[in-house]
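Trainee: my_file-v1.txt (compact mmCIF, C-alpha atoms) pasted underneath:
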# COMPACT_ATOMS: atom_id res chain seq x y z
CA MET A 22 56.97 -55.92 -9.90
CA GLU A 23 56.10 -54.86 -13.42
CA ILE A 24 53.29 -55.57 -15.87
CA LYS A 25 54.82 -56.56 -19.20
CA ASP A 26 53.52 -54.95 -22.37
CA GLU A 27 53.73 -58.20 -24.33
CA LEU A 28 51.09 -59.87 -22.10
CA LEU A 29 48.41 -57.24 -22.76
CA THR A 30 47.11 -58.82 -25.97
CA GLU A 31 45.70 -61.63 -23.84
CA ASP A 32 43.49 -59.25 -21.78
CA TYR A 33 40.28 -57.54 -22.91
CA TYR A 34 41.28 -54.36 -21.02
CA ARG A 35 43.80 -52.45 -23.11
CA PRO A 36 45.58 -49.62 -21.25
CA ASN A 37 47.56 -47.19 -23.37
CA LYS A 38 51.29 -46.74 -22.84
CA ASP A 39 50.87 -43.75 -20.49
CA LEU A 40 48.47 -45.60 -18.21
CA LEU A 41 50.68 -48.70 -18.19
CA ALA A 42 53.67 -46.52 -17.26
CA ALA A 43 51.69 -45.01 -14.35
CA ILE A 44 50.67 -48.50 -13.16
CA ASN A 45 54.25 -49.77 -13.22
CA THR A 46 55.53 -46.62 -11.48
CA ALA A 47 53.01 -47.15 -8.67
CA LEU A 48 54.06 -50.80 -8.38
CA PHE A 49 57.75 -49.88 -8.25
CA LEU A 50 57.37 -47.09 -5.68
CA LYS A 51 54.70 -48.94 -3.66
CA ARG A 52 52.45 -45.90 -3.81
CA PRO A 53 48.68 -45.72 -4.37
CA LEU A 54 47.64 -45.26 -8.00
CA LEU A 55 45.10 -42.42 -8.30
CA LEU A 56 42.99 -42.59 -11.46
CA SER A 57 40.76 -39.68 -12.47
CA GLY A 58 38.34 -39.31 -15.35
CA GLU A 59 34.66 -39.09 -16.10
CA PRO A 60 32.41 -42.10 -15.42
CA GLY A 61 32.73 -44.90 -17.93
CA THR A 62 36.38 -44.42 -18.85
CA GLY A 63 37.51 -47.71 -17.29
CA LYS A 64 38.95 -46.54 -13.97
CA THR A 65 37.31 -49.25 -11.88
CA GLU A 66 38.05 -52.00 -14.39
CA CYS A 67 41.71 -50.93 -14.38
CA ALA A 68 42.03 -52.23 -10.81
CA ASN A 69 40.71 -55.63 -11.90
CA PHE A 70 43.08 -55.55 -14.86
CA ILE A 71 46.02 -55.03 -12.48
CA ALA A 72 44.78 -57.93 -10.31
CA ARG A 73 44.53 -60.23 -13.34
CA GLN A 74 47.99 -59.31 -14.61
CA LEU A 75 49.67 -59.71 -11.21
CA GLN A 76 47.93 -63.04 -10.64
CA LYS A 77 49.15 -64.20 -14.05
CA SER A 78 52.75 -62.98 -13.68
CA PHE A 79 53.28 -63.44 -9.93
CA SER A 80 51.02 -66.36 -9.01
CA ASN A 81 53.11 -67.13 -5.91
CA ASN A 82 52.20 -63.74 -4.41
CA PHE A 83 48.80 -63.00 -5.96
CA LYS A 84 46.01 -65.57 -6.03
CA SER A 85 42.90 -63.54 -6.87
CA ASP A 86 42.23 -62.03 -10.29
CA LYS A 87 39.80 -59.46 -8.86
CA ALA A 88 40.38 -56.35 -6.77
CA LEU A 89 38.93 -56.04 -3.27
CA ARG A 90 36.55 -53.11 -3.66
CA PHE A 91 35.60 -50.37 -1.19
CA ASN A 92 32.65 -48.27 -2.39
CA THR A 93 33.14 -44.82 -0.89
CA LYS A 94 30.05 -43.16 0.59
CA SER A 95 29.23 -39.69 1.83
CA VAL A 96 29.54 -40.95 5.43
CA SER A 97 32.72 -43.02 4.97
CA GLN A 98 35.55 -42.78 7.50
CA SER A 99 39.11 -43.99 6.98
CA THR A 100 38.61 -46.79 9.54
CA ASP A 101 35.81 -48.16 7.33
CA LEU A 102 38.50 -49.33 4.91
CA PHE A 103 39.65 -51.83 7.54
CA TYR A 104 36.60 -52.94 9.52
CA SER A 105 33.05 -52.14 10.59
CA TYR A 106 31.59 -52.54 14.07
CA ASP A 107 27.85 -53.18 14.37
CA ALA A 108 27.23 -51.45 17.67
CA VAL A 109 23.42 -51.62 17.32
CA SER A 110 23.35 -55.42 16.97
CA HIS A 111 25.88 -55.78 19.77
CA PHE A 112 23.76 -53.63 22.06
CA GLY A 113 20.68 -55.74 21.29
CA ASP A 114 22.47 -59.08 21.69
CA LYS A 115 20.86 -61.23 24.37
CA GLU A 116 23.14 -64.26 23.95
CA GLY A 117 26.32 -62.69 25.30
CA LYS A 118 28.27 -63.15 22.05
CA PRO A 119 31.86 -61.87 21.99
CA LYS A 120 32.39 -58.41 20.54
CA GLU A 121 34.37 -59.93 17.66
CA ASN A 122 31.11 -61.41 16.33
CA PHE A 123 29.94 -57.88 15.56
CA ILE A 124 33.10 -56.82 13.73
CA SER A 125 33.32 -57.33 9.98
CA LEU A 126 36.59 -56.95 8.10
CA ASN A 127 36.46 -54.63 5.09
CA CYS A 128 38.61 -54.67 1.95
CA LEU A 129 41.93 -53.32 3.31
CA GLY A 130 41.49 -55.25 6.55
CA VAL A 131 40.85 -58.42 4.55
CA ALA A 132 43.90 -57.69 2.38
CA ILE A 133 46.15 -57.24 5.43
CA LEU A 134 44.96 -60.41 7.16
CA GLN A 135 45.30 -62.36 3.91
CA THR A 136 49.05 -61.70 4.06
CA LEU A 137 49.26 -63.33 7.51
CA PRO A 138 49.18 -66.99 8.58
CA VAL A 139 45.74 -68.33 9.46
CA ASN A 140 44.93 -67.72 13.12
CA GLU A 141 42.05 -69.58 14.77
CA ASN A 142 41.79 -66.84 17.39
CA TRP A 143 40.36 -64.59 14.68
CA ASN A 144 37.57 -66.96 13.64
CA SER A 145 35.13 -64.95 15.75
CA PHE A 146 35.23 -62.04 13.32
CA GLN A 147 32.09 -62.07 11.18
CA ASN A 148 33.78 -62.78 7.85
CA TYR A 149 37.27 -64.03 8.74
CA THR A 150 36.66 -67.65 7.73
CA SER A 151 34.70 -66.72 4.59
CA ASP A 152 36.83 -63.86 3.21
CA VAL A 153 40.31 -64.52 4.63
CA VAL A 154 40.68 -68.26 5.34
CA ASN A 155 40.45 -69.45 1.75
CA ASP A 156 42.74 -69.98 -1.21
CA ASP A 157 43.83 -66.35 -0.98
CA SER A 158 45.41 -66.57 2.49
CA GLY A 159 49.09 -65.69 2.67
CA ARG A 160 48.81 -63.77 -0.59
CA GLY A 161 48.97 -60.23 -1.85
CA SER A 162 45.95 -58.30 -3.09
CA VAL A 163 44.81 -55.36 -5.16
CA VAL A 164 42.55 -53.00 -3.18
CA LEU A 165 40.24 -50.56 -4.98
CA ILE A 166 39.01 -47.44 -3.18
CA ASP A 167 36.29 -46.39 -5.62
CA GLU A 168 35.00 -42.84 -6.18
CA ILE A 169 36.85 -41.08 -3.39
CA ASP A 170 35.05 -37.86 -4.40
CA LYS A 171 31.94 -39.12 -2.59
CA ALA A 172 33.69 -39.17 0.78
CA PRO A 173 33.60 -36.34 3.33
CA ARG A 174 36.22 -33.60 3.00
CA ASP A 175 38.47 -35.06 5.74
CA PHE A 176 38.52 -38.60 4.30
CA PRO A 177 41.55 -38.15 1.96
CA ASN A 178 43.56 -36.45 4.71
CA ASP A 179 42.72 -39.25 7.14
CA LEU A 180 44.08 -41.74 4.59
CA LEU A 181 47.52 -40.08 4.57
CA SER A 182 48.86 -41.97 7.55
CA GLU A 183 46.96 -45.17 6.69
CA LEU A 184 48.47 -45.39 3.19
CA GLU A 185 51.81 -43.68 3.77
CA LYS A 186 53.84 -46.71 2.76
CA PRO A 187 53.73 -50.48 3.30
CA PRO A 188 53.56 -52.40 5.50
CA PHE A 189 49.98 -51.32 6.11
CA LYS A 190 48.53 -51.72 9.59
CA PHE A 191 45.41 -50.97 11.61
CA THR A 192 44.00 -51.33 15.10
CA ILE A 193 40.50 -52.12 16.31
CA LYS A 194 39.71 -49.66 19.07
CA GLU A 195 36.65 -51.64 20.18
CA LEU A 196 39.02 -54.51 21.06
CA ASN A 197 41.37 -52.43 23.19
CA GLY A 198 43.54 -51.49 20.23
CA LEU A 199 44.14 -55.00 18.89
CA GLY A 200 46.50 -54.45 15.97
CA PHE A 201 47.36 -56.13 12.69
CA MET A 202 50.29 -55.46 10.35
CA GLN A 203 50.79 -56.60 6.78
CA ASP A 204 53.50 -59.12 6.03
CA ASP A 205 55.46 -57.07 3.51
CA ALA A 206 56.46 -60.23 1.65
CA SER A 207 52.90 -60.26 0.30
CA PRO A 208 52.28 -56.95 -1.52
CA ILE A 209 49.09 -54.91 -1.30
CA VAL A 210 48.47 -52.67 -4.32
CA VAL A 211 46.09 -49.74 -3.75
CA VAL A 212 44.12 -48.16 -6.59
CA ILE A 213 41.98 -45.07 -5.94
CA THR A 214 39.48 -43.64 -8.42
CA SER A 215 38.08 -40.13 -8.70
CA ASN A 216 35.42 -38.72 -11.00
CA SER A 217 37.07 -35.29 -10.67
CA GLU A 218 33.91 -33.93 -9.08
CA LYS A 219 35.84 -32.11 -6.36
CA GLY A 220 39.47 -31.31 -5.61
CA LEU A 221 41.65 -33.52 -3.43
CA PRO A 222 44.16 -32.16 -0.86
CA ASP A 223 47.67 -31.45 -2.16
CA ALA A 224 49.26 -33.52 0.61
CA PHE A 225 47.17 -36.51 -0.45
CA LEU A 226 48.01 -36.04 -4.13
CA ARG A 227 51.73 -35.93 -3.37
CA ARG A 228 51.56 -39.46 -1.96
CA CYS A 229 49.88 -40.91 -5.04
CA ILE A 230 50.91 -41.73 -8.59
CA PHE A 231 48.34 -39.80 -10.63
CA HIS A 232 46.94 -40.57 -14.06
CA HIS A 233 43.94 -39.08 -15.87
CA ILE A 234 42.05 -41.43 -18.20
CA ASN A 235 40.46 -39.66 -21.16
CA PHE A 236 37.24 -40.87 -22.74
CA PRO A 237 38.15 -43.60 -25.24
CA SER A 238 38.66 -42.79 -28.90
CA PRO A 239 36.24 -44.29 -31.48
CA GLU A 240 38.88 -46.93 -32.31
CA VAL A 241 39.17 -48.01 -28.68
CA LEU A 242 35.38 -47.92 -28.26
CA LEU A 243 35.10 -50.30 -31.21
CA GLU A 244 37.41 -52.76 -29.43
CA ILE A 245 35.43 -52.37 -26.20
CA VAL A 246 32.13 -53.06 -27.97
CA ARG A 247 33.48 -56.11 -29.79
CA THR A 248 34.98 -57.53 -26.61
CA ASN A 249 31.93 -56.97 -24.42
CA LEU A 250 29.28 -58.08 -26.90
CA GLN A 251 31.32 -60.91 -28.40
CA LEU A 252 29.80 -59.93 -31.75
CA GLU A 253 31.01 -58.59 -35.07
CA SER A 254 29.16 -56.13 -37.27
CA PRO A 255 30.32 -53.88 -40.11
CA PHE A 256 28.04 -51.21 -38.66
CA PHE A 257 29.52 -50.99 -35.15
CA ALA A 258 31.77 -48.13 -36.27
CA ASN A 259 28.80 -46.23 -37.75
CA ALA A 260 26.82 -46.63 -34.52
CA ILE A 261 29.82 -45.35 -32.53
CA ASP A 262 30.13 -42.34 -34.84
CA LEU A 263 26.48 -41.45 -34.20
CA PHE A 264 26.93 -42.01 -30.47
CA MET A 265 29.97 -39.69 -30.39
CA HIS A 266 28.12 -37.06 -32.43
CA LEU A 267 25.24 -37.02 -29.94
CA ARG A 268 27.56 -37.24 -26.94
CA ASN A 269 29.70 -34.29 -28.02
CA MET A 270 26.87 -31.85 -28.66
CA ASN A 271 27.47 -28.60 -26.77
CA ASN A 272 24.21 -28.52 -24.83
CA ILE A 273 24.29 -32.07 -23.48
CA GLY A 274 24.14 -31.97 -19.68
CA LYS A 275 25.22 -35.53 -18.86
CA ALA A 276 27.37 -37.19 -21.48
CA PRO A 277 26.74 -40.97 -21.77
CA ALA A 278 29.55 -43.36 -20.82
CA THR A 279 30.87 -46.56 -22.38
CA SER A 280 28.38 -48.73 -20.45
CA GLU A 281 25.51 -46.81 -22.08
CA LEU A 282 27.14 -47.22 -25.50
CA ILE A 283 27.32 -50.99 -25.04
CA ASP A 284 23.68 -51.18 -23.91
CA TRP A 285 22.58 -48.90 -26.77
CA ILE A 286 24.33 -50.98 -29.45
CA CYS A 287 22.83 -54.11 -27.86
CA CYS A 288 19.41 -52.53 -28.28
CA LEU A 289 20.13 -51.48 -31.86
CA GLU A 290 21.15 -55.04 -32.69
CA LYS A 291 18.07 -56.53 -31.04
CA ASN A 292 15.77 -54.14 -32.95
CA GLU A 293 17.58 -54.74 -36.25
CA LEU A 294 18.79 -51.14 -36.48
CA LEU A 295 22.44 -52.02 -37.04
CA ASP A 296 22.27 -51.52 -40.78
CA SER A 297 23.41 -49.30 -43.64
CA ASN A 298 21.11 -46.45 -42.54
CA LEU A 299 23.64 -45.67 -39.80
CA LYS A 300 26.27 -44.72 -42.40
CA ASP A 301 24.22 -41.73 -43.51
CA TRP A 302 21.78 -41.34 -40.67
CA LYS A 303 21.00 -37.71 -41.47
CA ASN A 304 19.43 -38.77 -44.76
CA ALA A 305 17.73 -41.90 -43.44
CA SER A 306 13.95 -42.25 -43.53
CA PRO A 307 11.69 -40.68 -40.88
CA GLU A 308 10.73 -44.23 -39.87
CA PHE A 309 14.38 -45.07 -39.11
CA HIS A 310 14.78 -41.81 -37.16
CA ASN A 311 11.73 -42.66 -35.06
CA LYS A 312 13.09 -46.12 -34.28
CA ILE A 313 16.44 -44.66 -33.23
CA ARG A 314 14.65 -42.02 -31.17
CA ASN A 315 12.89 -44.80 -29.26
CA THR A 316 16.29 -46.04 -28.07
CA LEU A 317 17.59 -42.68 -26.83
CA GLY A 318 16.44 -43.35 -23.27
CA ILE A 319 19.52 -45.55 -22.96
CA ILE A 320 22.03 -42.77 -23.63
CA ALA A 321 20.05 -39.65 -22.59
CA LYS A 322 19.69 -39.42 -18.81
CA ASN A 323 17.39 -36.44 -18.45
CA ARG A 324 14.53 -34.81 -20.35
CA ALA A 325 16.57 -31.93 -21.72
CA ASP A 326 19.26 -34.22 -23.18
CA PHE A 327 16.60 -36.50 -24.65
CA GLU A 328 14.91 -33.59 -26.41
CA ILE A 329 18.24 -32.23 -27.73
CA MET A 330 19.22 -35.62 -29.17
CA SER A 331 15.74 -36.18 -30.60
CA LYS A 332 15.82 -32.80 -32.32
CA GLU A 333 19.28 -33.55 -33.74
CA LEU A 334 18.01 -36.82 -35.22
CA GLY A 335 15.14 -34.98 -36.87
CA LYS A 336 17.38 -32.50 -38.70
CA ARG A 337 17.55 -32.67 -42.47
Translate this file's structure into structure tokens.

Mentor:
Amino acid sequence: MEIKDELLTEDYYRPNKDLLAAINTALFLKRPLLLSGEPGTGKTECANFIARQLQKSFSNNFKSDKALRFNTKSVSQSTDLFYSYDAVSHFGDKEGKPKENFISLNCLGVAILQTLPVNENWNSFQNYTSDVVNDDSGRGSVVLIDEIDKAPRDFPNDLLSELEKPPFKFTIKELNGLGFMQDDASPIVVVITSNSEKGLPDAFLRRCIFHHINFPSPEVLLEIVRTNLQLESPFFANAIDLFMHLRNMNNIGKAPATSELIDWICCLEKNELLDSNLKDWKNASPEFHNKIRNTLGIIAKNRADFEIMSKELGKR
């Protein structure tokens, strides 16, 4: 499998050549793709981009254009990727329901069962008929394990055996070790994201194809803004220049991400602040500065950053 460069003009997500090379290497080697970078650099959306491209190029094997997402938590365990067992509800059940009714398949479990023929014996699982028995059955998937940094220290190590190499498999210990194994004819692509907040074990890193996504350049940000807002303005570039100036100040504690930029420009447009004053904002009127200052709550996420940005706007 390979994502062709010539198809990228049709997608709003535009990976650079290095990222595309990392994606295709992971597809070729059947290894997880590990993406690092600060929040807002497009790591999560990259998984959906891969799903869209595979669905477009390999429609016989990939039906969905969205990744199955696992949101990592501070209490996550590796088995949570496959299924969850609601022991509390089972304990309180007074109707004598089968244990399967209290087991819900999670993203990698759904992905594995989607590669297999439909089996009525599995209808008792909470979400088998809704998440597996649909147009995606018998197909491959893209699975996103998002923000692995949030997981406990042992989580990455526990994933080593689970994600060693396809075919992926898992067992449900609550059902006496009932097991499921992926049909390797239907690929499962795993994408893992990290905000680089803490180090990951070397053994885990060796099993992944790694790529770090830098914060987008002003030119790329301009494309992102145009695509997301579906608007055109000659002053988008000026707004981005001001955003980058404020973002890159030395004392800023929490730099705003692309999502904040999009919301901020939306607000500027709504308040009729996308105008020629942005070209030379340092020499704009105090009234314009005050109006811009009123929007800083979108890109400043704490009091200190708000005051630093406000002071910068007031400089002459």

Trainee: Could you give me, as a PyMOL selection string, the residues within 9 Å of Phe123 (chain A), counting only C-alpha atoms and dropping anything in the same chain fewer than 2 positions from it?

Mentor: chain A and resi 105-108+110-111+118-121+125+145-147

Trainee: Which one is closest to Ala43 (chain A): A:Ile230, A:Cys67, A:Val163, A:Leu196? Count all atoms listed in the file.

Mentor: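 Checking each of A:Ile230, A:Cys67, A:Val163, A:Leu196 against Ala43 (chain A), counting all atoms listed in the file, the winner is A:Ile230.
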
Trainee: Show me the residues close to (44.4, -52.9, -2.0) - anything with an atom within 6 Å, counting all atoms listed in the file - and format the list as a list in words.

Mentor: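 Looking at atoms near the point gives Leu129, Ser162, Val163, Val164, Leu165, Ile209, Val210 and Val211 of chain A.
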
Trainee: Mind listing whatever residues come within 12 Å of the point (41.9, -49.1, 14.1)? Use all atoms listed in the file, file coordinates, and give them as an MDAnalysis selection string.

Mentor: chainID A and resid 98:106 124 126:127 129:130 182:183 189:202

Trainee: CA of Ile273 (chain A) to CA of Ile329 (chain A): how many Å, to one decimal?

Mentor: 7.4 Å

Trainee: Take CA of Leu263 (chain A) and CA of Ile245 (chain A) and report the distance between them in Å, one decimal.

Mentor: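 Straight-line distance from CA of Leu263 (chain A) to CA of Ile245 (chain A) works out to 16.2 Å.
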
Trainee: When distances are computed from only C-alpha atoms, which of A:Asp296, A:Glu244, A:Glu116, A:Asp32 shows the smallest separation from Thr279 (chain A)?

Mentor: A:Glu244
